[in-house]
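Participant: Below is work_23.cif; it holds mmCIF, C-alpha atoms.
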```
data_protein
#
loop_
_atom_site.group_PDB
_atom_site.id
_atom_site.type_symbol
_atom_site.label_atom_id
_atom_site.label_comp_id
_atom_site.auth_asym_id
_atom_site.auth_seq_id
_atom_site.Cartn_x
_atom_site.Cartn_y
_atom_site.Cartn_z
ATOM 1 C CA MET A 106 -9.380 -35.712 22.262
ATOM 2 C CA THR A 107 -10.488 -34.799 25.752
ATOM 3 C CA CYS A 108 -12.368 -31.569 26.338
ATOM 4 C CA GLU A 109 -11.775 -29.801 29.617
ATOM 5 C CA LEU A 110 -15.296 -28.395 29.686
ATOM 6 C CA CYS A 111 -16.838 -31.850 29.347
ATOM 7 C CA GLU A 112 -15.503 -32.652 32.779
ATOM 8 C CA LEU A 113 -16.620 -30.852 35.882
ATOM 9 C CA ARG A 114 -13.455 -30.489 37.919
ATOM 10 C CA ASN A 115 -11.895 -27.756 40.030
ATOM 11 C CA GLU A 116 -14.805 -25.528 39.184
ATOM 12 C CA THR A 117 -16.705 -23.165 41.444
ATOM 13 C CA VAL A 118 -20.233 -23.935 40.299
ATOM 14 C CA LEU A 119 -22.689 -21.284 41.477
ATOM 15 C CA TRP A 120 -25.858 -22.679 39.910
ATOM 16 C CA GLN A 121 -26.715 -25.539 37.607
ATOM 17 C CA ASP A 122 -29.517 -27.510 36.088
ATOM 18 C CA ARG A 123 -29.644 -30.519 33.788
ATOM 19 C CA ARG A 124 -28.513 -28.506 30.792
ATOM 20 C CA CYS A 125 -25.943 -25.940 31.874
ATOM 21 C CA ARG A 126 -23.954 -24.556 34.777
ATOM 22 C CA VAL A 127 -22.832 -21.131 35.996
ATOM 23 C CA VAL A 128 -19.183 -21.108 37.055
ATOM 24 C CA LEU A 129 -17.244 -18.401 38.879
ATOM 25 C CA VAL A 130 -13.983 -18.049 36.972
ATOM 26 C CA GLY A 131 -11.901 -16.760 39.896
ATOM 27 C CA ASP A 132 -10.147 -14.026 37.910
ATOM 28 C CA ALA A 133 -8.161 -11.831 40.324
ATOM 29 C CA ASP A 134 -8.619 -8.746 38.132
ATOM 30 C CA HIS A 135 -12.320 -9.390 37.486
ATOM 31 C CA PRO A 136 -13.881 -11.142 40.502
ATOM 32 C CA GLY A 137 -17.413 -11.042 39.055
ATOM 33 C CA TYR A 138 -16.385 -12.805 35.833
ATOM 34 C CA CYS A 139 -18.471 -15.977 35.332
ATOM 35 C CA ARG A 140 -18.991 -18.535 32.609
ATOM 36 C CA VAL A 141 -22.154 -20.316 31.622
ATOM 37 C CA VAL A 142 -21.128 -23.713 30.285
ATOM 38 C CA TRP A 143 -23.427 -25.893 28.200
ATOM 39 C CA GLY A 144 -23.324 -29.444 29.584
ATOM 40 C CA LYS A 145 -23.042 -31.372 26.316
ATOM 41 C CA HIS A 146 -20.168 -30.964 23.894
ATOM 42 C CA VAL A 147 -21.838 -28.718 21.338
ATOM 43 C CA ARG A 148 -19.945 -26.328 19.118
ATOM 44 C CA GLU A 149 -22.198 -23.429 18.123
ATOM 45 C CA MET A 150 -25.459 -21.813 19.223
ATOM 46 C CA THR A 151 -26.958 -22.856 15.878
ATOM 47 C CA ASP A 152 -26.233 -26.488 16.766
ATOM 48 C CA LEU A 153 -28.758 -26.211 19.604
ATOM 49 C CA THR A 154 -32.509 -26.406 19.131
ATOM 50 C CA LYS A 155 -34.536 -23.211 19.447
ATOM 51 C CA SER A 156 -35.758 -24.213 22.860
ATOM 52 C CA GLN A 157 -32.250 -25.103 24.084
ATOM 53 C CA ARG A 158 -30.977 -21.726 22.899
ATOM 54 C CA ALA A 159 -33.781 -19.927 24.700
ATOM 55 C CA HIS A 160 -33.100 -21.872 27.878
ATOM 56 C CA TYR A 161 -29.379 -21.215 27.682
ATOM 57 C CA MET A 162 -29.704 -17.496 27.019
ATOM 58 C CA ASN A 163 -32.223 -17.164 29.820
ATOM 59 C CA VAL A 164 -29.511 -18.374 32.188
ATOM 60 C CA VAL A 165 -27.015 -15.921 30.648
ATOM 61 C CA TYR A 166 -29.489 -13.013 31.015
ATOM 62 C CA SER A 167 -30.298 -14.043 34.577
ATOM 63 C CA LEU A 168 -26.633 -14.000 35.464
ATOM 64 C CA GLU A 169 -26.312 -10.586 33.811
ATOM 65 C CA GLN A 170 -29.282 -9.385 35.851
ATOM 66 C CA ALA A 171 -27.797 -10.701 39.114
ATOM 67 C CA LEU A 172 -24.375 -9.173 38.415
ATOM 68 C CA ARG A 173 -25.894 -5.815 37.505
ATOM 69 C CA ALA A 174 -27.958 -5.784 40.690
ATOM 70 C CA LEU A 175 -25.039 -6.734 42.943
ATOM 71 C CA MET A 176 -22.130 -4.929 41.290
ATOM 72 C CA LYS A 177 -23.581 -1.988 39.332
ATOM 73 C CA PRO A 178 -21.025 -2.372 36.529
ATOM 74 C CA TYR A 179 -20.510 0.240 33.816
ATOM 75 C CA LYS A 180 -21.120 -2.434 31.172
ATOM 76 C CA ILE A 181 -21.688 -6.165 30.863
ATOM 77 C CA ASN A 182 -19.544 -8.028 28.328
ATOM 78 C CA LEU A 183 -20.998 -11.206 26.828
ATOM 79 C CA ALA A 184 -18.939 -13.471 24.597
ATOM 80 C CA SER A 185 -19.062 -16.946 23.147
ATOM 81 C CA THR A 186 -15.775 -17.547 21.381
ATOM 82 C CA GLY A 187 -14.378 -21.027 22.019
ATOM 83 C CA ASN A 188 -11.470 -20.883 19.603
ATOM 84 C CA ARG A 189 -9.330 -22.887 21.993
ATOM 85 C CA ILE A 190 -12.123 -25.004 23.481
ATOM 86 C CA PRO A 191 -14.908 -25.437 20.916
ATOM 87 C CA HIS A 192 -17.492 -26.426 23.524
ATOM 88 C CA LEU A 193 -20.208 -23.798 24.013
ATOM 89 C CA HIS A 194 -19.559 -21.497 26.958
ATOM 90 C CA TRP A 195 -20.600 -17.911 27.507
ATOM 91 C CA HIS A 196 -18.308 -15.455 29.212
ATOM 92 C CA VAL A 197 -20.251 -12.944 31.301
ATOM 93 C CA VAL A 198 -18.022 -10.142 32.557
ATOM 94 C CA PRO A 199 -19.041 -7.087 34.580
ATOM 95 C CA ARG A 200 -16.841 -4.192 33.449
ATOM 96 C CA PHE A 201 -15.914 -0.978 35.232
ATOM 97 C CA GLU A 202 -14.430 2.215 33.846
ATOM 98 C CA ASP A 203 -11.516 1.844 36.259
ATOM 99 C CA ASP A 204 -10.786 -1.866 35.758
ATOM 100 C CA VAL A 205 -7.324 -2.900 34.566
ATOM 101 C CA HIS A 206 -8.379 -3.661 30.977
ATOM 102 C CA PHE A 207 -11.018 -1.017 30.370
ATOM 103 C CA PRO A 208 -12.042 -0.182 27.684
ATOM 104 C CA ALA A 209 -10.261 -3.111 25.991
ATOM 105 C CA SER A 210 -11.570 -6.653 26.261
ATOM 106 C CA ILE A 211 -10.403 -8.668 29.263
ATOM 107 C CA TRP A 212 -8.553 -10.972 26.864
ATOM 108 C CA ASN A 213 -6.280 -8.142 25.853
ATOM 109 C CA ALA A 214 -2.799 -8.795 27.224
ATOM 110 C CA ALA A 215 -2.181 -5.125 28.056
ATOM 111 C CA LYS A 216 -3.219 -4.008 31.507
ATOM 112 C CA HIS A 217 -2.946 -0.682 33.279
ATOM 113 C CA ALA A 218 -3.336 0.375 36.899
ATOM 114 C CA GLY A 219 -6.916 -0.065 37.987
ATOM 115 C CA ALA A 220 -9.383 -1.145 40.597
ATOM 116 C CA VAL A 221 -10.712 -4.568 41.545
ATOM 117 C CA HIS A 222 -14.446 -4.748 42.189
ATOM 118 C CA PRO A 223 -15.306 -7.641 44.492
ATOM 119 C CA VAL A 224 -18.539 -9.589 44.510
ATOM 120 C CA ASP A 225 -19.984 -11.507 47.418
ATOM 121 C CA ARG A 226 -20.188 -15.088 46.205
ATOM 122 C CA GLU A 227 -23.004 -16.115 48.522
ATOM 123 C CA SER A 228 -25.128 -13.134 47.423
ATOM 124 C CA LEU A 229 -24.537 -14.042 43.789
ATOM 125 C CA VAL A 230 -25.549 -17.670 44.368
ATOM 126 C CA GLN A 231 -28.658 -16.534 46.219
ATOM 127 C CA ALA A 232 -29.591 -14.076 43.440
ATOM 128 C CA LEU A 233 -29.230 -16.818 40.811
ATOM 129 C CA TYR A 234 -31.498 -19.202 42.724
ATOM 130 C CA GLU A 235 -34.023 -16.428 43.237
ATOM 131 C CA ILE A 236 -34.120 -15.561 39.540
ATOM 132 C CA LEU A 237 -33.713 -19.031 38.052
ATOM 133 C CA GLY A 238 -35.150 -21.321 40.698
ATOM 134 C CA GLY A 239 -33.823 -24.809 41.232
ATOM 135 C CA ARG A 240 -32.910 -26.564 44.398
ATOM 136 C CA ARG A 241 -29.667 -25.790 46.183
ATOM 137 C CA LYS A 242 -27.482 -28.668 47.159
ATOM 138 C CA THR A 243 -26.733 -28.326 50.841
ATOM 139 C CA MET B 72 -23.099 13.050 23.852
ATOM 140 C CA THR B 73 -23.587 11.684 20.372
ATOM 141 C CA CYS B 74 -23.522 7.950 19.745
ATOM 142 C CA GLU B 75 -22.057 6.764 16.473
ATOM 143 C CA LEU B 76 -24.339 3.724 16.377
ATOM 144 C CA CYS B 77 -27.463 5.863 16.722
ATOM 145 C CA GLU B 78 -26.729 7.246 13.290
ATOM 146 C CA LEU B 79 -26.693 5.124 10.183
ATOM 147 C CA ARG B 80 -23.813 6.478 8.164
ATOM 148 C CA ASN B 81 -21.049 4.967 6.067
ATOM 149 C CA GLU B 82 -22.361 1.534 6.893
ATOM 150 C CA THR B 83 -22.739 -1.456 4.615
ATOM 151 C CA VAL B 84 -26.167 -2.647 5.734
ATOM 152 C CA LEU B 85 -26.863 -6.190 4.548
ATOM 153 C CA TRP B 86 -30.296 -6.661 6.107
ATOM 154 C CA GLN B 87 -32.548 -4.675 8.388
ATOM 155 C CA ASP B 88 -35.964 -4.487 9.909
ATOM 156 C CA ARG B 89 -37.671 -2.004 12.195
ATOM 157 C CA ARG B 90 -35.652 -3.103 15.208
ATOM 158 C CA CYS B 91 -32.113 -3.943 14.146
ATOM 159 C CA ARG B 92 -29.677 -4.079 11.258
ATOM 160 C CA VAL B 93 -26.924 -6.397 10.037
ATOM 161 C CA VAL B 94 -23.803 -4.501 9.000
ATOM 162 C CA LEU B 95 -20.724 -5.787 7.181
ATOM 163 C CA VAL B 96 -17.767 -4.382 9.122
ATOM 164 C CA GLY B 97 -15.306 -4.394 6.216
ATOM 165 C CA ASP B 98 -12.381 -5.806 8.197
ATOM 166 C CA ALA B 99 -9.539 -6.636 5.798
ATOM 167 C CA ASP B 100 -8.327 -9.511 8.006
ATOM 168 C CA HIS B 101 -11.815 -10.896 8.648
ATOM 169 C CA PRO B 102 -14.034 -10.227 5.609
ATOM 170 C CA GLY B 103 -17.010 -12.146 7.032
ATOM 171 C CA TYR B 104 -17.080 -10.116 10.266
ATOM 172 C CA CYS B 105 -20.513 -8.516 10.734
ATOM 173 C CA ARG B 106 -22.306 -6.598 13.462
ATOM 174 C CA VAL B 107 -25.950 -6.746 14.417
ATOM 175 C CA VAL B 108 -26.869 -3.314 15.761
ATOM 176 C CA TRP B 109 -29.978 -2.680 17.829
ATOM 177 C CA GLY B 110 -31.749 0.403 16.440
ATOM 178 C CA LYS B 111 -32.529 2.190 19.698
ATOM 179 C CA HIS B 112 -29.875 3.352 22.142
ATOM 180 C CA VAL B 113 -30.143 0.546 24.698
ATOM 181 C CA ARG B 114 -27.257 -0.478 26.942
ATOM 182 C CA GLU B 115 -27.685 -4.138 27.912
ATOM 183 C CA MET B 116 -29.613 -7.225 26.805
ATOM 184 C CA THR B 117 -31.453 -7.134 30.140
ATOM 185 C CA ASP B 118 -32.735 -3.642 29.249
ATOM 186 C CA LEU B 119 -34.715 -5.214 26.396
ATOM 187 C CA THR B 120 -38.024 -7.016 26.838
ATOM 188 C CA LYS B 121 -38.053 -10.795 26.527
ATOM 189 C CA SER B 122 -39.618 -10.577 23.103
ATOM 190 C CA GLN B 123 -37.092 -7.962 21.903
ATOM 191 C CA ARG B 124 -34.224 -10.183 23.095
ATOM 192 C CA ALA B 125 -35.666 -13.189 21.295
ATOM 193 C CA HIS B 126 -36.104 -11.173 18.104
ATOM 194 C CA TYR B 127 -32.589 -9.764 18.322
ATOM 195 C CA MET B 128 -30.903 -13.106 18.991
ATOM 196 C CA ASN B 129 -32.874 -14.719 16.188
ATOM 197 C CA VAL B 130 -31.181 -12.261 13.819
ATOM 198 C CA VAL B 131 -27.778 -13.044 15.372
ATOM 199 C CA TYR B 132 -28.356 -16.798 15.005
ATOM 200 C CA SER B 133 -29.574 -16.358 11.435
ATOM 201 C CA LEU B 134 -26.430 -14.458 10.574
ATOM 202 C CA GLU B 135 -24.368 -17.205 12.219
ATOM 203 C CA GLN B 136 -26.265 -19.782 10.166
ATOM 204 C CA ALA B 137 -25.670 -17.879 6.915
ATOM 205 C CA LEU B 138 -21.954 -17.378 7.634
ATOM 206 C CA ARG B 139 -21.504 -21.044 8.540
ATOM 207 C CA ALA B 140 -23.220 -22.150 5.351
ATOM 208 C CA LEU B 141 -21.235 -19.810 3.122
ATOM 209 C CA MET B 142 -17.817 -19.825 4.771
ATOM 210 C CA LYS B 143 -17.516 -23.096 6.734
ATOM 211 C CA PRO B 144 -15.548 -21.436 9.554
ATOM 212 C CA TYR B 145 -13.759 -23.397 12.261
ATOM 213 C CA LYS B 146 -15.708 -21.444 14.901
ATOM 214 C CA ILE B 147 -18.133 -18.561 15.211
ATOM 215 C CA ASN B 148 -17.302 -15.852 17.752
ATOM 216 C CA LEU B 149 -20.214 -13.911 19.231
ATOM 217 C CA ALA B 150 -19.652 -10.900 21.468
ATOM 218 C CA SER B 151 -21.585 -8.009 22.908
ATOM 219 C CA THR B 152 -19.108 -5.767 24.689
ATOM 220 C CA GLY B 153 -19.763 -2.066 24.061
ATOM 221 C CA ASN B 154 -17.204 -0.684 26.501
ATOM 222 C CA ARG B 155 -16.412 2.137 24.117
ATOM 223 C CA ILE B 156 -19.891 2.489 22.607
ATOM 224 C CA PRO B 157 -22.502 1.397 25.168
ATOM 225 C CA HIS B 158 -25.215 0.895 22.540
ATOM 226 C CA LEU B 159 -26.147 -2.772 22.050
ATOM 227 C CA HIS B 160 -24.381 -4.380 19.098
ATOM 228 C CA TRP B 161 -23.382 -7.993 18.541
ATOM 229 C CA HIS B 162 -20.128 -8.872 16.853
ATOM 230 C CA VAL B 163 -20.459 -12.028 14.754
ATOM 231 C CA VAL B 164 -17.082 -13.249 13.505
ATOM 232 C CA PRO B 165 -16.342 -16.382 11.487
ATOM 233 C CA ARG B 166 -12.964 -17.691 12.641
ATOM 234 C CA PHE B 167 -10.472 -19.938 10.877
ATOM 235 C CA GLU B 168 -7.553 -21.884 12.272
ATOM 236 C CA ASP B 169 -5.249 -20.057 9.882
ATOM 237 C CA ASP B 170 -6.570 -16.512 10.367
ATOM 238 C CA VAL B 171 -4.175 -13.817 11.566
ATOM 239 C CA HIS B 172 -5.482 -13.709 15.154
ATOM 240 C CA PHE B 173 -6.351 -17.352 15.760
ATOM 241 C CA PRO B 174 -6.795 -18.616 18.436
ATOM 242 C CA ALA B 175 -6.829 -15.171 20.147
ATOM 243 C CA SER B 176 -9.790 -12.847 19.852
ATOM 244 C CA ILE B 177 -9.837 -10.517 16.850
ATOM 245 C CA TRP B 178 -9.482 -7.582 19.266
ATOM 246 C CA ASN B 179 -6.075 -8.812 20.285
ATOM 247 C CA ALA B 180 -3.452 -6.439 18.931
ATOM 248 C CA ALA B 181 -0.990 -9.217 18.114
ATOM 249 C CA LYS B 182 -1.261 -10.727 14.649
ATOM 250 C CA HIS B 183 0.708 -13.414 12.897
ATOM 251 C CA ALA B 184 0.955 -14.506 9.295
ATOM 252 C CA GLY B 185 -2.313 -16.007 8.170
ATOM 253 C CA ALA B 186 -4.971 -16.375 5.548
ATOM 254 C CA VAL B 187 -7.892 -14.156 4.580
ATOM 255 C CA HIS B 188 -11.169 -15.963 3.930
ATOM 256 C CA PRO B 189 -13.408 -13.940 1.618
ATOM 257 C CA VAL B 190 -17.181 -13.959 1.574
ATOM 258 C CA ASP B 191 -19.407 -13.092 -1.346
ATOM 259 C CA ARG B 192 -21.463 -10.154 -0.136
ATOM 260 C CA GLU B 193 -24.372 -10.753 -2.469
ATOM 261 C CA SER B 194 -24.647 -14.393 -1.386
ATOM 262 C CA LEU B 195 -24.627 -13.313 2.252
ATOM 263 C CA VAL B 196 -27.387 -10.758 1.654
ATOM 264 C CA GLN B 197 -29.441 -13.355 -0.197
ATOM 265 C CA ALA B 198 -28.952 -15.943 2.570
ATOM 266 C CA LEU B 199 -30.088 -13.423 5.198
ATOM 267 C CA TYR B 200 -33.255 -12.580 3.269
ATOM 268 C CA GLU B 201 -33.959 -16.258 2.746
ATOM 269 C CA ILE B 202 -33.602 -17.051 6.445
ATOM 270 C CA LEU B 203 -35.088 -13.889 7.924
ATOM 271 C CA GLY B 204 -37.480 -12.711 5.274
ATOM 272 C CA GLY B 205 -38.175 -9.037 4.738
ATOM 273 C CA ARG B 206 -38.280 -7.011 1.605
ATOM 274 C CA ARG B 207 -35.101 -5.970 -0.167
ATOM 275 C CA LYS B 208 -34.736 -2.372 -1.150
ATOM 276 C CA THR B 209 -33.882 -2.295 -4.809
#
```
Translate this file's structure into structure tokens.
Facilitator:
Amino acid sequence: MTCELCELRNETVLWQDRRCRVVLVGDADHPGYCRVVWGKHVREMTDLTKSQRAHYMNVVYSLEQALRALMKPYKINLASTGNRIPHLHWHVVPRFEDDVHFPASIWNAAKHAGAVHPVDRESLVQALYEILGGRRKT
Amino acid sequence: MTCELCELRNETVLWQDRRCRVVLVGDADHPGYCRVVWGKHVREMTDLTKSQRAHYMNVVYSLEQALRALMKPYKINLASTGNRIPHLHWHVVPRFEDDVHFPASIWNAAKHAGAVHPVDRESLVQALYEILGGRRKT
């Protein structure tokens, strides 16, 4: 069986290192919504070593930090579910009291009238490199 | 404003230490569903210190480990949302391919026919103390 997260295609990668990558989802309702995808096909956090987990979560927290600084959301939502694609990926979603799903999860089908909060992609990339380091591909 | 997670009431606490507690939610559809609640009223993971985050996630991973060992779920769902109650708490949900929400999130309103996978509470408590240590109140 092929896994769509094992292949890097049609993705807007904002930052990456040897172990994981930060991807901008491109959700029209939630422009700041990103995923942090583990490179290897691993199912659960407890299938990683302690040091891999720490590395991975440091990237998730850094993304949270960057999104909070740039977007000032009401709340950050973090989720690792993977029921459809059992390959570790963290959803990191800045939430606003006037967004179309609030206070429900963004996976809730029901939407109401609401606002869209944009994020400047270049500023987000720059914030990630400042927090996490690494060399930008130019 | 009062916060319902700042008070420990009507909760089935399975394990706790000075900083956080593991609570059995008591969801009829998802008997293994637990929450790990941070004791203090803190909003986001990035409001904790590095060492607090590591401690907290170690409890989350230990709970995941115990639930995997006892219940053999298809997937573990982890989520920190808090849109309604912005006080840090992790949802830890063992998921099964035949549960009533699968593959949607358990917060999805739509349910279908499915199975309920029980967990033995005493075995879960014992597994948590074995993994995490601490002294049981008797």
Participant: Evaluate the PyMOL selection byres ((chain B and resi 90-92) around 7) against this structure - the residues, as a VMD selection string, please.
Facilitator: chain B and resid 84 86 to 89 93 to 94 107 to 110
Participant: Once chain A is superposed on chain B with a least-squares fit on all C-alpha pairs taken in order, can you show it as a CSV table (one decimal) with C-alpha atoms, in the coordinates of the input?
Facilitator:
```csv
chain,number,residue,atom,x,y,z
A,106,MET,CA,-23.2,13.0,23.8
A,107,THR,CA,-23.6,11.7,20.3
A,108,CYS,CA,-23.5,8.0,19.7
A,109,GLU,CA,-22.1,6.8,16.5
A,110,LEU,CA,-24.3,3.7,16.4
A,111,CYS,CA,-27.5,5.9,16.7
A,112,GLU,CA,-26.7,7.2,13.3
A,113,LEU,CA,-26.7,5.1,10.2
A,114,ARG,CA,-23.8,6.5,8.2
A,115,ASN,CA,-21.1,5.0,6.1
A,116,GLU,CA,-22.4,1.6,6.9
A,117,THR,CA,-22.7,-1.5,4.6
A,118,VAL,CA,-26.2,-2.6,5.8
A,119,LEU,CA,-26.9,-6.2,4.6
A,120,TRP,CA,-30.3,-6.7,6.1
A,121,GLN,CA,-32.5,-4.7,8.4
A,122,ASP,CA,-36.0,-4.5,9.9
A,123,ARG,CA,-37.7,-2.0,12.2
A,124,ARG,CA,-35.7,-3.1,15.2
A,125,CYS,CA,-32.1,-3.9,14.1
A,126,ARG,CA,-29.7,-4.1,11.3
A,127,VAL,CA,-26.9,-6.4,10.0
A,128,VAL,CA,-23.8,-4.5,9.0
A,129,LEU,CA,-20.7,-5.8,7.2
A,130,VAL,CA,-17.8,-4.4,9.1
A,131,GLY,CA,-15.3,-4.4,6.2
A,132,ASP,CA,-12.4,-5.8,8.2
A,133,ALA,CA,-9.5,-6.6,5.8
A,134,ASP,CA,-8.3,-9.5,8.0
A,135,HIS,CA,-11.8,-10.9,8.6
A,136,PRO,CA,-14.0,-10.2,5.6
A,137,GLY,CA,-17.0,-12.2,7.0
A,138,TYR,CA,-17.1,-10.1,10.3
A,139,CYS,CA,-20.5,-8.5,10.7
A,140,ARG,CA,-22.3,-6.6,13.5
A,141,VAL,CA,-25.9,-6.7,14.4
A,142,VAL,CA,-26.9,-3.3,15.8
A,143,TRP,CA,-30.0,-2.7,17.8
A,144,GLY,CA,-31.7,0.4,16.4
A,145,LYS,CA,-32.5,2.2,19.7
A,146,HIS,CA,-29.9,3.4,22.1
A,147,VAL,CA,-30.1,0.6,24.7
A,148,ARG,CA,-27.3,-0.5,26.9
A,149,GLU,CA,-27.7,-4.1,27.9
A,150,MET,CA,-29.6,-7.2,26.8
A,151,THR,CA,-31.4,-7.1,30.1
A,152,ASP,CA,-32.7,-3.7,29.2
A,153,LEU,CA,-34.7,-5.2,26.4
A,154,THR,CA,-38.0,-7.0,26.9
A,155,LYS,CA,-38.1,-10.8,26.5
A,156,SER,CA,-39.6,-10.6,23.1
A,157,GLN,CA,-37.1,-8.0,21.9
A,158,ARG,CA,-34.2,-10.2,23.1
A,159,ALA,CA,-35.7,-13.2,21.3
A,160,HIS,CA,-36.1,-11.2,18.1
A,161,TYR,CA,-32.6,-9.8,18.3
A,162,MET,CA,-30.9,-13.1,19.0
A,163,ASN,CA,-32.9,-14.7,16.2
A,164,VAL,CA,-31.2,-12.3,13.8
A,165,VAL,CA,-27.8,-13.0,15.4
A,166,TYR,CA,-28.4,-16.8,15.0
A,167,SER,CA,-29.6,-16.4,11.4
A,168,LEU,CA,-26.4,-14.5,10.6
A,169,GLU,CA,-24.4,-17.2,12.2
A,170,GLN,CA,-26.3,-19.8,10.2
A,171,ALA,CA,-25.7,-17.9,6.9
A,172,LEU,CA,-22.0,-17.4,7.6
A,173,ARG,CA,-21.5,-21.0,8.5
A,174,ALA,CA,-23.2,-22.2,5.3
A,175,LEU,CA,-21.2,-19.8,3.1
A,176,MET,CA,-17.8,-19.8,4.8
A,177,LYS,CA,-17.5,-23.1,6.7
A,178,PRO,CA,-15.6,-21.4,9.5
A,179,TYR,CA,-13.8,-23.4,12.3
A,180,LYS,CA,-15.7,-21.4,14.9
A,181,ILE,CA,-18.1,-18.6,15.2
A,182,ASN,CA,-17.3,-15.9,17.7
A,183,LEU,CA,-20.2,-13.9,19.2
A,184,ALA,CA,-19.7,-10.9,21.5
A,185,SER,CA,-21.6,-8.0,22.9
A,186,THR,CA,-19.1,-5.8,24.7
A,187,GLY,CA,-19.7,-2.1,24.1
A,188,ASN,CA,-17.2,-0.7,26.5
A,189,ARG,CA,-16.4,2.1,24.1
A,190,ILE,CA,-19.9,2.5,22.6
A,191,PRO,CA,-22.5,1.4,25.2
A,192,HIS,CA,-25.2,0.9,22.5
A,193,LEU,CA,-26.1,-2.8,22.0
A,194,HIS,CA,-24.4,-4.4,19.1
A,195,TRP,CA,-23.4,-8.0,18.5
A,196,HIS,CA,-20.1,-8.9,16.9
A,197,VAL,CA,-20.5,-12.0,14.8
A,198,VAL,CA,-17.1,-13.2,13.5
A,199,PRO,CA,-16.3,-16.4,11.5
A,200,ARG,CA,-13.0,-17.7,12.6
A,201,PHE,CA,-10.5,-19.9,10.9
A,202,GLU,CA,-7.5,-21.9,12.3
A,203,ASP,CA,-5.2,-20.0,9.9
A,204,ASP,CA,-6.6,-16.5,10.4
A,205,VAL,CA,-4.2,-13.8,11.6
A,206,HIS,CA,-5.5,-13.7,15.2
A,207,PHE,CA,-6.4,-17.4,15.8
A,208,PRO,CA,-6.8,-18.6,18.4
A,209,ALA,CA,-6.8,-15.2,20.1
A,210,SER,CA,-9.8,-12.9,19.9
A,211,ILE,CA,-9.8,-10.5,16.9
A,212,TRP,CA,-9.5,-7.6,19.3
A,213,ASN,CA,-6.1,-8.8,20.3
A,214,ALA,CA,-3.4,-6.4,18.9
A,215,ALA,CA,-1.0,-9.2,18.1
A,216,LYS,CA,-1.3,-10.7,14.7
A,217,HIS,CA,0.7,-13.4,12.9
A,218,ALA,CA,1.0,-14.5,9.3
A,219,GLY,CA,-2.3,-16.0,8.2
A,220,ALA,CA,-5.0,-16.4,5.5
A,221,VAL,CA,-7.9,-14.2,4.6
A,222,HIS,CA,-11.2,-16.0,3.9
A,223,PRO,CA,-13.4,-13.9,1.6
A,224,VAL,CA,-17.2,-14.0,1.6
A,225,ASP,CA,-19.4,-13.1,-1.3
A,226,ARG,CA,-21.5,-10.1,-0.1
A,227,GLU,CA,-24.4,-10.7,-2.5
A,228,SER,CA,-24.6,-14.4,-1.4
A,229,LEU,CA,-24.6,-13.3,2.3
A,230,VAL,CA,-27.4,-10.8,1.7
A,231,GLN,CA,-29.4,-13.4,-0.2
A,232,ALA,CA,-28.9,-15.9,2.6
A,233,LEU,CA,-30.1,-13.4,5.2
A,234,TYR,CA,-33.3,-12.6,3.3
A,235,GLU,CA,-34.0,-16.3,2.7
A,236,ILE,CA,-33.6,-17.1,6.4
A,237,LEU,CA,-35.1,-13.9,7.9
A,238,GLY,CA,-37.5,-12.7,5.3
A,239,GLY,CA,-38.2,-9.0,4.7
A,240,ARG,CA,-38.3,-7.0,1.6
A,241,ARG,CA,-35.1,-6.0,-0.2
A,242,LYS,CA,-34.8,-2.4,-1.2
A,243,THR,CA,-33.9,-2.3,-4.8
```
Participant: Would you give me, as a ChimeraX atom specification, the residues of chain B that come within 9 Å of chain A, using all atoms listed in the file?
Facilitator: /B:114-117,125,132-133,135-136,145-155,157,166-168,173-176,178-180
Participant: Compare A:His194, A:His206, A:Lys145, A:Arg240 by their minimum atom-to-atom distance to A:Val130, counting only C-alpha atoms, and give me the closest one.
Facilitator: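 Ranking A:His194, A:His206, A:Lys145, A:Arg240 by distance to A:Val130, first place goes to A:His194.
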Participant: Mind telling me what the PyMOL selection byres ((chain A and resi 222-231) around 8) catches here, as number ranges by chain?
Facilitator: A: 119-120, 135-137, 171-172, 175-176, 204, 220-221, 232-235
Participant: Taking C-alpha atoms for each residue, export the selection above as a PDB file, in the coordinates of the input.
Facilitator:
```pdb
ATOM      1  CA  LEU A 119     -22.689 -21.284  41.477  1.00  0.00           C
ATOM      2  CA  TRP A 120     -25.858 -22.679  39.910  1.00  0.00           C
ATOM      3  CA  HIS A 135     -12.320  -9.390  37.486  1.00  0.00           C
ATOM      4  CA  PRO A 136     -13.881 -11.142  40.502  1.00  0.00           C
ATOM      5  CA  GLY A 137     -17.413 -11.042  39.055  1.00  0.00           C
ATOM      6  CA  ALA A 171     -27.797 -10.701  39.114  1.00  0.00           C
ATOM      7  CA  LEU A 172     -24.375  -9.173  38.415  1.00  0.00           C
ATOM      8  CA  LEU A 175     -25.039  -6.734  42.943  1.00  0.00           C
ATOM      9  CA  MET A 176     -22.130  -4.929  41.290  1.00  0.00           C
ATOM     10  CA  ASP A 204     -10.786  -1.866  35.758  1.00  0.00           C
ATOM     11  CA  ALA A 220      -9.383  -1.145  40.597  1.00  0.00           C
ATOM     12  CA  VAL A 221     -10.712  -4.568  41.545  1.00  0.00           C
ATOM     13  CA  ALA A 232     -29.591 -14.076  43.440  1.00  0.00           C
ATOM     14  CA  LEU A 233     -29.230 -16.818  40.811  1.00  0.00           C
ATOM     15  CA  TYR A 234     -31.498 -19.202  42.724  1.00  0.00           C
ATOM     16  CA  GLU A 235     -34.023 -16.428  43.237  1.00  0.00           C
TER      17      GLU A 235
END
```
Participant: Can you work out which one of A:Ala174, A:Val164, A:Leu193, A:Val205 has the shortest atom-to-atom distance to A:Gly239, counting all atoms listed in the file?
Facilitator: A:Val164
Participant: To one decimal place in Å, what is the distance between atom CA of A:Glu116 and atom CA of A:Leu129?
Facilitator: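 About the pair atom CA of A:Glu116 and atom CA of A:Leu129: they are 7.5 Å apart.
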